[in-house]
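A.B. asks: Can you keep this structure in mind? I'll have questions shortly.
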Amino acid sequence: MSQTVGYTLAAVGPVFFGLLVGWTGSFITPLMLILVLAVLMVVIGYKAGKPGFID
């Protein structure tokens, strides 16, 4: 199931990026969105990788 979601996001991502460029007329907005998502993934990955136990 997760592979299907990953491939779907990978297929839709470039189309969405192109639409954002077309709507805004600039690459700044889509690149800022990618930057925000990358920072979010780093934070979530850092928290998920912390050593610890589940009670």
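Each chain in the structure tokens gets a letter, A, B and so on, in the order shown; residues start at 1 in every chain, and ligands are counted from 1 in the order they appear.
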I want to know what sits within 12 Å of stretch 8-18 of chain A, based on only C-alpha atoms, with residues of the same chain fewer than 2 positions away left out; could you give that as a CSV table (one decimal) with C-alpha atoms, in the first residue's frame?
C.D. replies:
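Output file out06.csv follows:
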```csv
chain,number,residue,atom,x,y,z
A,1,MET,CA,0.0,0.0,0.0
A,2,SER,CA,2.7,2.5,0.9
A,3,GLN,CA,4.5,1.8,-2.4
A,4,THR,CA,1.4,2.7,-4.3
A,5,VAL,CA,1.1,6.0,-2.4
A,6,GLY,CA,4.8,6.7,-3.0
A,20,LEU,CA,2.4,26.1,-9.1
A,21,VAL,CA,4.9,27.7,-11.4
A,22,GLY,CA,2.2,28.4,-13.9
A,23,TRP,CA,-0.2,29.9,-11.3
A,24,THR,CA,2.4,32.0,-9.6
A,25,GLY,CA,4.6,32.8,-12.6
A,26,SER,CA,7.7,32.2,-10.5
A,27,PHE,CA,9.8,29.3,-9.2
A,28,ILE,CA,10.0,30.8,-5.7
A,29,THR,CA,6.7,29.4,-4.3
A,30,PRO,CA,7.2,25.8,-5.4
A,31,LEU,CA,10.8,25.8,-4.2
A,32,MET,CA,9.8,27.3,-0.9
A,33,LEU,CA,7.2,24.5,-0.6
A,34,ILE,CA,9.9,21.9,-1.2
```
A.B. asks: Enumerate, as a VMD selection string, the complete set of residues in stretch 16-53 of chain A that a backbone-based DSSP assignment places in alpha helix (DSSP H).
C.D. replies: chain A and resid 16 to 24 28 to 48
A.B. asks: One decimal, in Å: what's the spacing between atom CA of A:Ile54 and atom CA of A:Ala38?
C.D. replies: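 Distance between the two atoms: 26.5 Å.
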